[in-house]
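input-v1.txt, holding compact mmCIF, C-alpha atoms:
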```
# COMPACT_ATOMS: atom_id res chain seq x y z
CA MET A 1 -18.51 64.37 72.88
CA ILE A 2 -16.46 66.57 70.56
CA PHE A 3 -14.38 69.55 71.68
CA VAL A 4 -12.59 72.10 69.49
CA GLY A 5 -10.13 74.49 71.07
CA GLY A 6 -11.17 73.20 74.50
CA ILE A 7 -14.81 74.19 73.93
CA PRO A 8 -17.66 71.67 73.53
CA PHE A 9 -18.83 71.53 69.92
CA SER A 10 -22.54 71.58 69.21
CA THR A 11 -24.93 72.64 66.46
CA ARG A 12 -28.67 73.05 66.45
CA SER A 13 -30.66 69.87 66.26
CA SER A 14 -32.08 69.14 62.80
CA PRO A 15 -32.94 66.16 60.56
CA SER A 16 -29.60 66.60 58.79
CA GLN A 17 -27.55 67.24 61.93
CA GLU A 18 -25.01 64.52 61.09
CA ILE A 19 -24.16 66.31 57.84
CA GLU A 20 -24.31 69.80 59.33
CA ASP A 21 -21.97 68.87 62.18
CA LEU A 22 -19.32 67.70 59.74
CA ILE A 23 -19.68 70.78 57.55
CA ALA A 24 -19.47 73.08 60.57
CA LEU A 25 -16.31 71.34 61.74
CA LEU A 26 -14.76 71.54 58.26
CA GLU A 27 -15.41 75.29 58.31
CA HIS A 28 -14.27 75.87 61.91
CA PRO A 29 -11.44 78.46 61.81
CA LEU A 30 -9.22 76.49 64.23
CA LEU A 31 -9.55 73.29 62.21
CA VAL A 32 -9.08 75.08 58.88
CA SER A 33 -5.86 76.55 60.28
CA ALA A 34 -4.79 73.12 61.59
CA SER A 35 -5.35 71.54 58.15
CA ASN A 36 -3.28 74.25 56.48
CA THR A 37 -0.51 73.75 59.02
CA PHE A 38 -0.56 69.98 58.51
CA LYS A 39 -0.36 70.34 54.70
CA ALA A 40 2.65 72.64 55.03
CA ILE A 41 4.70 69.94 56.80
CA PRO A 42 7.10 68.06 54.49
CA GLU A 43 6.08 64.45 53.93
CA MET A 44 8.13 61.90 55.88
CA LYS A 45 9.38 58.91 53.85
CA VAL A 46 9.39 55.77 55.99
CA SER A 47 11.59 52.88 54.88
CA LEU A 48 13.32 49.89 56.45
CA SER A 49 15.45 49.27 53.37
CA GLU A 50 17.41 52.47 53.99
CA GLU A 51 18.91 53.93 57.14
CA PHE A 52 15.86 55.58 58.68
CA SER A 53 15.89 56.85 62.25
CA LEU A 54 14.84 59.80 64.35
CA GLU A 55 18.41 59.84 65.65
CA ALA A 56 21.16 58.57 63.39
CA SER A 57 22.38 55.82 65.74
CA THR A 58 19.04 54.26 66.68
CA PRO A 59 16.64 52.32 64.40
CA VAL A 60 13.09 53.57 64.68
CA LYS A 61 10.48 51.23 66.13
CA HIS A 62 7.35 51.76 64.09
CA VAL A 63 3.98 50.07 63.67
CA TYR A 64 2.23 50.12 60.30
CA VAL A 65 -1.57 49.87 59.99
CA PHE A 66 -3.20 48.51 56.83
CA GLN A 67 -6.72 49.22 55.60
CA ARG A 68 -9.47 48.13 58.03
CA GLU A 69 -6.89 47.49 60.75
CA TYR A 70 -6.17 49.30 63.98
CA ALA A 71 -3.29 49.25 66.44
CA THR A 72 -2.90 50.80 69.87
CA VAL A 73 0.72 51.50 70.79
CA ASP A 74 2.60 52.33 73.98
CA PRO A 75 5.07 55.24 73.60
CA SER A 76 7.57 53.43 75.82
CA LEU A 77 7.77 50.64 73.22
CA VAL A 78 7.03 52.31 69.85
CA GLU A 79 8.22 55.61 68.41
CA LEU A 80 6.07 55.91 65.29
CA VAL A 81 2.67 54.56 64.28
CA GLY A 82 0.99 55.32 60.99
CA THR A 83 -0.75 54.31 57.80
CA ASP A 84 -0.93 55.30 54.15
CA GLU A 85 -2.60 54.25 50.87
CA ALA A 86 -5.73 56.12 51.98
CA THR A 87 -7.82 57.67 49.22
CA THR A 88 -11.50 57.45 50.24
CA CYS A 89 -10.57 55.91 53.62
CA VAL A 90 -10.02 57.84 56.86
CA GLY A 91 -6.95 57.52 59.02
CA LEU A 92 -8.18 58.06 62.58
CA VAL A 93 -5.84 58.84 65.48
CA ILE A 94 -6.98 58.83 69.11
CA ARG A 95 -4.36 59.58 71.76
CA ASN A 96 -4.73 59.62 75.53
CA GLN A 97 -3.16 62.92 76.48
CA LYS A 98 -2.14 61.70 79.94
CA THR A 99 -0.68 58.25 79.17
CA GLY A 100 0.46 58.83 75.59
CA LEU A 101 -1.21 55.59 74.49
CA THR A 102 -2.10 56.09 70.83
CA SER A 103 -4.55 54.18 68.67
CA VAL A 104 -4.54 54.45 64.88
CA ALA A 105 -7.20 52.98 62.59
CA HIS A 106 -7.54 52.92 58.81
CA MET A 107 -11.33 53.00 58.42
CA ASP A 108 -12.78 52.13 55.02
CA SER A 109 -16.53 51.90 55.61
CA PRO A 110 -19.23 53.41 57.84
CA LYS A 111 -20.08 49.82 58.81
CA VAL A 112 -16.91 49.43 60.91
CA VAL A 113 -17.07 52.78 62.71
CA ASP A 114 -19.17 51.99 65.79
CA LEU A 115 -17.51 48.73 66.81
CA GLY A 116 -14.16 49.95 65.52
CA LEU A 117 -14.27 52.97 67.79
CA THR A 118 -15.07 50.70 70.74
CA GLN A 119 -12.06 48.52 69.83
CA MET A 120 -9.76 51.56 69.68
CA LEU A 121 -10.93 52.90 73.03
CA SER A 122 -10.71 49.57 74.85
CA LEU A 123 -7.06 50.09 75.84
CA LEU A 124 -6.98 53.88 75.70
CA ILE A 125 -9.27 54.73 78.56
CA ASP A 126 -9.89 53.62 82.11
CA HIS A 127 -13.58 54.13 82.77
CA ASN A 128 -12.74 55.26 86.29
CA SER A 129 -10.83 58.23 84.86
CA ASP A 130 -11.88 61.31 82.93
CA ALA A 131 -9.52 60.97 79.97
CA GLU A 132 -8.81 63.81 77.56
CA LEU A 133 -8.44 62.30 74.08
CA GLN A 134 -6.69 64.03 71.19
CA VAL A 135 -8.17 63.18 67.79
CA HIS A 136 -6.91 63.54 64.22
CA LEU A 137 -8.81 62.60 61.03
CA ILE A 138 -6.75 62.51 57.82
CA GLY A 139 -7.53 61.18 54.35
CA ALA A 140 -10.87 60.74 52.53
CA PHE A 141 -10.37 63.15 49.65
CA GLU A 142 -13.42 64.68 47.97
CA ASP A 143 -14.09 61.90 45.50
CA ALA A 144 -17.34 63.27 44.04
CA SER A 145 -16.91 64.98 40.68
CA SER A 146 -16.35 68.73 40.67
CA LYS A 147 -19.42 69.23 38.48
CA GLN A 148 -21.59 67.31 40.91
CA SER A 149 -20.22 69.03 44.01
CA ASN A 150 -20.79 72.45 42.47
CA LYS A 151 -24.47 71.88 41.76
CA LYS A 152 -25.62 73.05 45.19
CA SER A 153 -24.11 74.33 48.39
CA GLY A 154 -24.00 73.30 52.03
CA SER A 155 -25.64 70.20 53.43
CA GLU A 156 -28.01 69.92 50.47
CA SER A 157 -25.15 69.25 48.07
CA TYR A 158 -23.36 66.80 50.37
CA SER A 159 -26.50 64.78 51.06
CA GLU A 160 -26.85 64.02 47.34
CA LEU A 161 -23.22 63.20 46.55
CA ASP A 162 -22.64 59.67 45.31
CA ASP A 163 -19.25 59.19 46.91
CA HIS A 164 -17.48 57.14 49.56
CA SER A 165 -15.59 59.75 51.56
CA PHE A 166 -18.36 61.96 52.90
CA PRO A 167 -20.60 59.22 54.39
CA LEU A 168 -17.57 57.73 56.17
CA CYS A 169 -16.45 61.09 57.58
CA SER A 170 -19.93 62.01 58.76
CA LYS A 171 -20.38 58.61 60.43
CA ILE A 172 -17.11 59.01 62.36
CA ILE A 173 -18.08 62.50 63.53
CA LYS A 174 -21.51 61.25 64.62
CA ALA A 175 -19.97 58.35 66.55
CA LEU A 176 -17.49 60.63 68.34
CA GLN A 177 -20.19 63.16 69.19
CA ASN A 178 -22.54 60.51 70.59
CA LYS A 179 -20.00 58.98 72.98
CA PRO A 180 -19.57 60.37 76.53
CA ASP A 181 -15.76 60.52 76.24
CA LYS A 182 -14.01 63.83 75.59
CA PHE A 183 -12.66 63.93 72.04
CA HIS A 184 -10.55 67.01 71.29
CA ILE A 185 -10.29 67.27 67.52
CA GLN A 186 -6.86 68.61 66.59
CA THR A 187 -6.81 67.89 62.84
CA LEU A 188 -9.62 67.40 60.32
CA CYS A 189 -7.72 67.15 57.04
CA VAL A 190 -10.39 65.36 55.01
CA LEU A 191 -12.64 66.03 52.02
CA GLY A 192 -11.96 69.47 50.54
CA HIS A 193 -9.03 70.10 52.87
CA ASN A 194 -7.27 67.00 51.49
CA THR A 195 -8.15 67.45 47.82
CA ARG A 196 -6.28 68.91 44.87
CA ARG A 197 -7.58 69.11 41.30
CA ASP A 198 -5.83 69.04 37.96
CA SER A 199 -6.63 71.33 35.02
CA ASP A 200 -9.48 69.01 33.95
CA GLY A 201 -11.10 69.08 37.38
CA ASN A 202 -10.06 65.56 38.35
CA ALA A 203 -9.64 65.19 42.11
CA TYR A 204 -6.70 63.62 43.95
CA PRO A 205 -5.67 63.40 47.63
CA VAL A 206 -3.09 65.91 48.82
CA PHE A 207 -1.76 63.24 51.21
CA ASN A 208 -2.44 59.51 51.46
CA GLY A 209 -0.87 58.85 54.86
CA PHE A 210 0.65 60.04 58.11
CA VAL A 211 2.73 59.06 61.11
CA VAL A 212 2.28 59.88 64.78
CA GLU A 213 5.32 60.49 66.95
CA THR A 214 4.09 58.73 70.06
CA SER A 215 6.23 60.63 72.58
CA THR A 216 4.78 64.00 71.58
CA GLY A 217 1.56 63.22 69.73
CA SER A 218 2.86 65.14 66.73
CA VAL A 219 1.24 64.08 63.44
CA LYS A 220 3.00 64.46 60.09
CA PRO A 221 2.20 63.56 56.49
CA ALA A 222 3.99 60.35 55.55
CA SER A 223 4.39 57.65 52.95
CA PHE A 224 5.68 54.13 53.51
CA ASP A 225 7.55 51.96 51.03
CA ARG A 226 7.03 48.21 50.70
CA SER A 227 9.79 47.41 53.19
CA SER A 228 8.04 49.40 55.93
CA ARG A 229 4.52 48.07 55.31
CA CYS A 230 5.27 45.09 57.46
CA PRO A 231 5.15 42.43 58.73
CA ASP A 232 3.13 39.89 56.71
CA GLU A 233 2.08 42.38 54.06
CA ILE A 234 0.27 40.10 51.61
CA VAL A 235 -1.68 38.14 54.23
CA ARG A 236 -2.80 41.37 55.85
CA ARG A 237 -3.91 42.74 52.48
CA ILE A 238 -5.86 39.54 51.85
CA ARG A 239 -7.66 39.91 55.18
CA VAL A 240 -8.99 43.27 53.97
CA THR A 241 -10.31 41.69 50.78
CA VAL A 242 -11.96 38.61 52.29
CA SER A 243 -12.95 39.71 55.81
CA THR A 244 -16.36 41.07 54.79
CA ALA A 245 -17.51 37.48 54.20
CA ASP A 246 -16.07 36.22 57.51
CA PRO A 247 -18.79 36.55 60.21
CA ASN A 248 -16.12 36.84 62.91
CA TRP A 249 -15.15 40.28 61.55
CA ARG A 250 -18.56 41.70 60.66
CA GLY A 251 -18.60 45.38 61.61
CA LYS A 252 -15.15 45.19 63.24
CA LEU A 253 -11.65 46.42 62.58
CA LEU A 254 -9.09 43.67 62.08
CA GLU A 255 -7.04 42.73 65.16
CA THR A 256 -3.34 42.97 64.36
CA TYR A 257 -1.06 44.09 67.17
CA ASN A 258 -0.49 43.30 70.87
CA THR A 259 0.04 46.61 72.67
CA HIS A 260 1.51 45.20 75.87
CA ILE A 261 4.38 43.17 74.38
CA ASP A 262 5.04 45.07 71.11
CA GLN A 263 4.22 42.06 68.98
CA PHE A 264 2.22 41.61 65.80
CA GLN A 265 -0.44 38.95 66.20
CA ILE A 266 -2.23 38.77 62.85
CA ALA A 267 -5.65 37.47 63.82
CA PRO A 268 -7.02 34.71 61.58
CA CYS A 269 -9.49 35.28 58.79
CA SER A 270 -11.16 32.64 56.64
CA TRP A 271 -11.93 32.72 52.93
CA ASN A 272 -13.93 30.57 50.56
CA PRO A 273 -11.99 28.32 48.13
CA ARG A 274 -13.88 30.11 45.33
CA TRP A 275 -11.49 33.01 45.88
CA LYS A 276 -8.98 31.02 43.83
CA ASP A 277 -11.28 31.19 40.79
CA ILE A 278 -12.00 34.87 41.43
CA ALA A 279 -8.28 35.62 41.69
CA LEU A 280 -7.56 33.67 38.48
CA SER A 281 -10.21 35.69 36.68
CA LEU A 282 -8.98 39.03 38.02
CA GLN A 283 -5.38 38.16 37.19
CA GLN A 284 -6.35 38.04 33.50
CA LEU A 285 -7.53 41.65 33.49
CA SER A 286 -5.48 44.55 32.22
CA ASP A 287 -3.99 47.03 34.69
CA SER A 288 -6.68 49.61 33.91
CA GLU A 289 -9.44 47.03 34.39
CA ILE A 290 -8.00 46.01 37.76
CA LEU A 291 -8.04 49.64 38.85
CA LEU A 292 -11.67 50.02 37.84
CA ARG A 293 -12.76 46.73 39.42
CA CYS A 294 -10.76 46.82 42.66
CA SER A 295 -10.59 50.47 43.73
CA THR A 296 -13.14 52.99 45.00
CA SER A 297 -10.96 55.72 43.46
CA PRO A 298 -9.22 54.20 40.42
CA PHE A 299 -7.72 57.47 39.18
CA ALA A 300 -6.23 58.41 42.56
CA GLU A 301 -4.40 55.25 43.55
CA GLY A 302 -0.64 55.05 44.02
CA PRO A 303 1.65 53.67 41.30
CA ASP A 304 2.04 50.30 43.07
CA PHE A 305 -1.70 49.61 43.50
CA VAL A 306 -2.04 47.17 40.59
CA ASP A 307 1.17 45.34 41.46
CA ASN A 308 -0.05 44.91 45.04
CA GLU A 309 -3.36 43.52 43.78
CA ARG A 310 -1.61 41.06 41.47
CA ARG A 311 0.58 39.80 44.32
CA LEU A 312 -2.58 39.32 46.38
CA PHE A 313 -4.23 37.35 43.54
CA ASP A 314 -1.13 35.14 43.24
CA TYR A 315 -1.28 34.30 46.95
CA LEU A 316 -4.98 33.35 46.80
CA ILE A 317 -4.35 31.17 43.74
CA GLN A 318 -1.53 29.35 45.50
CA ASN A 319 -3.23 29.23 48.93
CA SER A 320 -6.91 28.57 48.32
CA ASN A 321 -7.32 26.87 51.70
CA TRP A 322 -7.17 29.54 54.42
CA ARG A 323 -6.26 26.90 57.02
CA GLU A 324 -2.82 26.63 55.45
CA THR A 325 -2.27 30.29 56.28
CA PHE A 326 -3.89 30.11 59.72
CA PRO A 327 -3.44 26.52 61.00
CA MET A 328 -5.91 25.71 63.79
CA ARG A 329 -7.20 29.28 63.32
CA LYS A 330 -4.27 30.65 65.31
CA PRO A 331 -2.80 34.12 64.74
CA ARG A 332 0.43 34.63 62.82
CA VAL A 333 2.92 36.00 65.35
CA PHE A 334 5.85 38.32 64.56
CA LYS A 335 8.47 39.55 67.01
CA ARG A 336 10.53 42.70 66.62
CA THR A 337 14.22 42.37 65.76
CA ALA A 338 17.10 44.54 66.96
CA ASN A 339 17.18 46.51 63.70
CA GLY A 340 13.48 47.45 63.92
CA GLY A 341 12.21 44.77 61.56
CA TRP A 342 10.15 41.64 62.29
CA ILE A 343 10.72 37.90 62.45
CA ARG A 344 8.10 35.13 62.45
CA GLY A 345 7.54 33.68 65.92
CA GLU A 346 5.56 30.75 67.25
```
Could you express the structure from this file as structure tokens?
Amino acid sequence: MIFVGGIPFSTRSSPSQEIEDLIALLEHPLLVSASNTFKAIPEMKVSLSEEFSLEASTPVKHVYVFQREYATVDPSLVELVGTDEATTCVGLVIRNQKTGLTSVAHMDSPKVVDLGLTQMLSLLIDHNSDAELQVHLIGAFEDASSKQSNKKSGSESYSELDDHSFPLCSKIIKALQNKPDKFHIQTLCVLGHNTRRDSDGNAYPVFNGFVVETSTGSVKPASFDRSSRCPDEIVRRIRVTVSTADPNWRGKLLETYNTHIDQFQIAPCSWNPRWKDIALSLQQLSDSEILLRCSTSPFAEGPDFVDNERRLFDYLIQNSNWRETFPMRKPRVFKRTANGGWIRGE
């Protein structure tokens, strides 16, 4: 069940309630104010290649979440958890107000919401307790064209939009509202609240990412460089690309991180050898063609999107047999080093 400002949120029942709930929340004065406050915070730049710490003498322990992944972190072990590279995706934060345990997911499809939410909550709540859960939704810019979105108003216009962001946002809100747990929405910086337009009316996200300070629950806009999108960047990107065809991950978020021992355990994912041929074909495309073929929002991606895709293609070409990446279908384990980075374990 959803709460805003400590009060249960509800709208009248109707055939389009899922859409109307989201619109009502987007227009709620407390959440409008929260979005404006969030957008006024300077963006944090997260990097392991430079000296980056909350206090000058201590390296920050952070956990990075890629698309279609989630991670639940313990504030006694991790200081920051976050994600970026979100355009039409939603970064979802759920934090247990009492324990400080914080789960972050980078959701990219309505199909992963129901099971994904169950995965996130599995370590956050004890079903014998009445947990109060703080929730933040950030990302999912308004990717429908301005001409299309101006045709009509209210739920009628949203129901006819051919986009990715709105269906995902409405599915998340429906899933939260239908669960018995108490979800206190603190931030809803999605769709129009996370959209800017240029002089030609083209839409872009205001922010693509965020971090959560686990000790306080504070959420800030953030971007991560390649050094901080770790460990095992390319393999984790490949899991996003190929996991839809792996029945073990159907409808689920990708398992990535062990909360109890602060260790990355990149769960295995299989891919068909034909991916080598697909990657070879895609590698021949121009940069603009890769953007159009591989992105849901080709004009809103970051400057390193194409380079990241080409590195992914190279890996699939050189490693067509997934068993070489995940021998005996075991996870790839990474342990944290003293300087906040990661080293491959057994």
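The space between atom CA of A:Phe166 and atom CA of A:Gly91 spans 13.7 Å.
Computed from the coordinates, the atom CA of A:Lys179 to atom CA of A:Met120 distance equals 13.1 Å.
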Legend entry - Counting all atoms listed in the file, the option among A:Gly340, A:Pro303, A:Gly345, A:Pro29 closest to A:Val78: A:Gly340
Inset, instruction - Choose the residue, out of A:Ile2, A:Leu282, A:Ile185, A:Val242, that has the smallest atom-to-atom separation from A:Pro268; count only C-alpha atoms. - result: A:Val242
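Of the listed residues (A:Phe66, A:Trp275, A:Phe313, A:Phe326), A:Phe66 comes nearest to A:Arg237; the distances count only C-alpha atoms.
Near A:Ala175, within 8 Å and counting only C-alpha atoms, sit A:Val113, A:Asp114, A:Leu117, A:Lys171, A:Ile172, A:Asn178, A:Lys179, not including residues fewer than 3 positions from it in the same chain.
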Could you make a table, as a tab-separated table, of the residues of stretch 135-242 of chain A that have an atom within 7 Å of an atom of stretch 30-34 of chain A, each with its nearest atom pair and distance in Å to one decimal, counting only C-alpha atoms, in chain and number order?
```
residue	atom	partner	partner_atom	distance
A:Gln186	CA	A:Leu31	CA	7.0
A:Thr187	CA	A:Ala34	CA	5.7
A:Leu188	CA	A:Leu31	CA	6.2
```
Inset, instruction - Kindly indicate which residue among A:Thr83, A:Asn321, A:Ser103, A:Ser295 lies nearest to A:Ala222, using all atoms listed in the file for the distances. - result: A:Thr83
Show me the residues around (1.8, 35.3, 54.8) - criterion: an atom at most 12 Å away, all atoms listed in the file counted - as an mmCIF file with C-alpha atoms, in the frame of the given file.
```cif
data_model
loop_
_atom_site.group_PDB
_atom_site.id
_atom_site.type_symbol
_atom_site.label_atom_id
_atom_site.label_comp_id
_atom_site.auth_asym_id
_atom_site.auth_seq_id
_atom_site.Cartn_x
_atom_site.Cartn_y
_atom_site.Cartn_z
ATOM 1 C CA CYS A 230 5.270 45.090 57.460
ATOM 2 C CA PRO A 231 5.150 42.430 58.730
ATOM 3 C CA ASP A 232 3.130 39.890 56.710
ATOM 4 C CA GLU A 233 2.080 42.380 54.060
ATOM 5 C CA ILE A 234 0.270 40.100 51.610
ATOM 6 C CA VAL A 235 -1.680 38.140 54.230
ATOM 7 C CA ARG A 236 -2.800 41.370 55.850
ATOM 8 C CA ARG A 237 -3.910 42.740 52.480
ATOM 9 C CA ILE A 238 -5.860 39.540 51.850
ATOM 10 C CA ARG A 239 -7.660 39.910 55.180
ATOM 11 C CA ILE A 266 -2.230 38.770 62.850
ATOM 12 C CA ALA A 267 -5.650 37.470 63.820
ATOM 13 C CA PRO A 268 -7.020 34.710 61.580
ATOM 14 C CA CYS A 269 -9.490 35.280 58.790
ATOM 15 C CA ARG A 311 0.580 39.800 44.320
ATOM 16 C CA LEU A 312 -2.580 39.320 46.380
ATOM 17 C CA ASP A 314 -1.130 35.140 43.240
ATOM 18 C CA TYR A 315 -1.280 34.300 46.950
ATOM 19 C CA LEU A 316 -4.980 33.350 46.800
ATOM 20 C CA GLN A 318 -1.530 29.350 45.500
ATOM 21 C CA ASN A 319 -3.230 29.230 48.930
ATOM 22 C CA TRP A 322 -7.170 29.540 54.420
ATOM 23 C CA ARG A 323 -6.260 26.900 57.020
ATOM 24 C CA GLU A 324 -2.820 26.630 55.450
ATOM 25 C CA THR A 325 -2.270 30.290 56.280
ATOM 26 C CA PHE A 326 -3.890 30.110 59.720
ATOM 27 C CA PRO A 327 -3.440 26.520 61.000
ATOM 28 C CA PRO A 331 -2.800 34.120 64.740
ATOM 29 C CA ARG A 332 0.430 34.630 62.820
ATOM 30 C CA VAL A 333 2.920 36.000 65.350
ATOM 31 C CA PHE A 334 5.850 38.320 64.560
ATOM 32 C CA ARG A 344 8.100 35.130 62.450
#
```
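Protein and nucleic acid residues near (8.0, 62.0, 65.3) are A:Met44, A:Ser53, A:Leu54, A:Val60, A:Glu79, A:Leu80, A:Val81, A:Val211, A:Val212, A:Glu213, A:Thr214, A:Ser215, A:Thr216, A:Gly217, A:Ser218, A:Val219, A:Lys220, the criterion being any atom at most 10 Å away using only C-alpha atoms.
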Inset, instruction - Give me the residues within 7 Å of A:Val104 as a PyMOL selection string, counting all atoms listed in the file and dropping any in the same chain fewer than 3 places off. - result: chain A and resi 70-72+82+92-94
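For the pair atom CA of A:Gln134 and atom CA of A:Gln265, the separation is 26.3 Å.
With all atoms listed in the file taken into account, the protein and nucleic acid residues at most 6 Å from A:Asn208 (excluding it and anything under 3 positions from it in its own chain) are Asp84, Glu85 and Ala86 of chain A.
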Residue subset to file, keeping C-alpha atoms, as a PDB file, in the coordinates of the input:
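And here is the file that came out, again-v2.pdb:
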```
ATOM      1  CA  ASP A  84      -0.930  55.300  54.150  1.00  0.00           C
ATOM      2  CA  GLU A  85      -2.600  54.250  50.870  1.00  0.00           C
ATOM      3  CA  ALA A  86      -5.730  56.120  51.980  1.00  0.00           C
TER       4      ALA A  86
END
```
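Residues in contact with A:Ala245 at 10 Å, where only C-alpha atoms are counted and same-chain residues fewer than 3 positions away are skipped, are listed as Thr241, Val242, Asn248, Trp249, Arg250, Cys269, Ser270, Trp271 and Asn272 of chain A.
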Inset, instruction - List the neighbours of A:Arg197 out to 12 Å using only C-alpha atoms; skip same-chain residues closer than 2 positions along the sequence, and give me the result as a ChimeraX atom specification. - result: /A:141-146,192-195,199-206,299-300
Reconstructed all heavy atoms for stretch 183-190 of chain A, given as a CSV table (one decimal), in the frame of the given file:
```csv
chain,number,residue,atom,x,y,z
A,183,PHE,N,-13.5,64.0,73.2
A,183,PHE,CA,-12.7,63.9,72.0
A,183,PHE,C,-12.3,65.3,71.6
A,183,PHE,O,-13.2,66.1,71.1
A,183,PHE,CB,-13.4,63.2,70.9
A,183,PHE,CG,-13.7,61.8,71.2
A,183,PHE,CD1,-15.0,61.4,71.6
A,183,PHE,CD2,-12.8,60.8,71.2
A,183,PHE,CE1,-15.4,60.1,71.9
A,183,PHE,CE2,-13.1,59.5,71.5
A,183,PHE,CZ,-14.4,59.1,71.8
A,184,HIS,N,-11.0,65.7,71.7
A,184,HIS,CA,-10.6,67.0,71.3
A,184,HIS,C,-10.0,66.9,69.9
A,184,HIS,O,-8.9,66.4,69.7
A,184,HIS,CB,-9.5,67.5,72.3
A,184,HIS,CG,-10.0,67.7,73.6
A,184,HIS,ND1,-10.4,69.0,74.1
A,184,HIS,CD2,-10.1,66.9,74.7
A,184,HIS,CE1,-10.8,68.9,75.4
A,184,HIS,NE2,-10.6,67.6,75.7
A,185,ILE,N,-10.7,67.4,68.9
A,185,ILE,CA,-10.3,67.3,67.5
A,185,ILE,C,-9.2,68.3,67.3
A,185,ILE,O,-9.4,69.5,67.4
A,185,ILE,CB,-11.5,67.4,66.5
A,185,ILE,CG1,-12.5,66.3,66.7
A,185,ILE,CG2,-10.9,67.5,65.1
A,185,ILE,CD1,-13.6,66.3,65.7
A,186,GLN,N,-8.0,67.8,66.9
A,186,GLN,CA,-6.9,68.6,66.6
A,186,GLN,C,-6.7,68.8,65.1
A,186,GLN,O,-6.2,69.9,64.7
A,186,GLN,CB,-5.6,67.9,67.1
A,186,GLN,CG,-5.7,67.4,68.6
A,186,GLN,CD,-5.7,68.5,69.6
A,186,GLN,OE1,-4.8,69.4,69.6
A,186,GLN,NE2,-6.7,68.6,70.4
A,187,THR,N,-7.0,67.8,64.3
A,187,THR,CA,-6.8,67.9,62.8
A,187,THR,C,-8.0,67.2,62.2
A,187,THR,O,-8.5,66.2,62.5
A,187,THR,CB,-5.5,67.1,62.4
A,187,THR,OG1,-4.4,67.6,63.2
A,187,THR,CG2,-5.2,67.4,60.9
A,188,LEU,N,-8.5,67.9,61.1
A,188,LEU,CA,-9.6,67.4,60.3
A,188,LEU,C,-9.3,67.6,58.9
A,188,LEU,O,-9.9,68.4,58.2
A,188,LEU,CB,-11.0,68.1,60.7
A,188,LEU,CG,-12.2,67.5,60.0
A,188,LEU,CD1,-12.4,66.0,60.5
A,188,LEU,CD2,-13.5,68.3,60.4
A,189,CYS,N,-8.2,67.0,58.4
A,189,CYS,CA,-7.7,67.2,57.0
A,189,CYS,C,-8.3,66.1,56.1
A,189,CYS,O,-7.7,65.1,55.7
A,189,CYS,CB,-6.2,67.1,57.0
A,189,CYS,SG,-5.5,67.7,55.5
A,190,VAL,N,-9.6,66.3,55.8
A,190,VAL,CA,-10.4,65.4,55.0
A,190,VAL,C,-11.2,66.2,54.0
A,190,VAL,O,-11.3,67.4,54.1
A,190,VAL,CB,-11.3,64.5,55.9
A,190,VAL,CG1,-10.6,63.6,56.8
A,190,VAL,CG2,-12.3,65.4,56.6
```
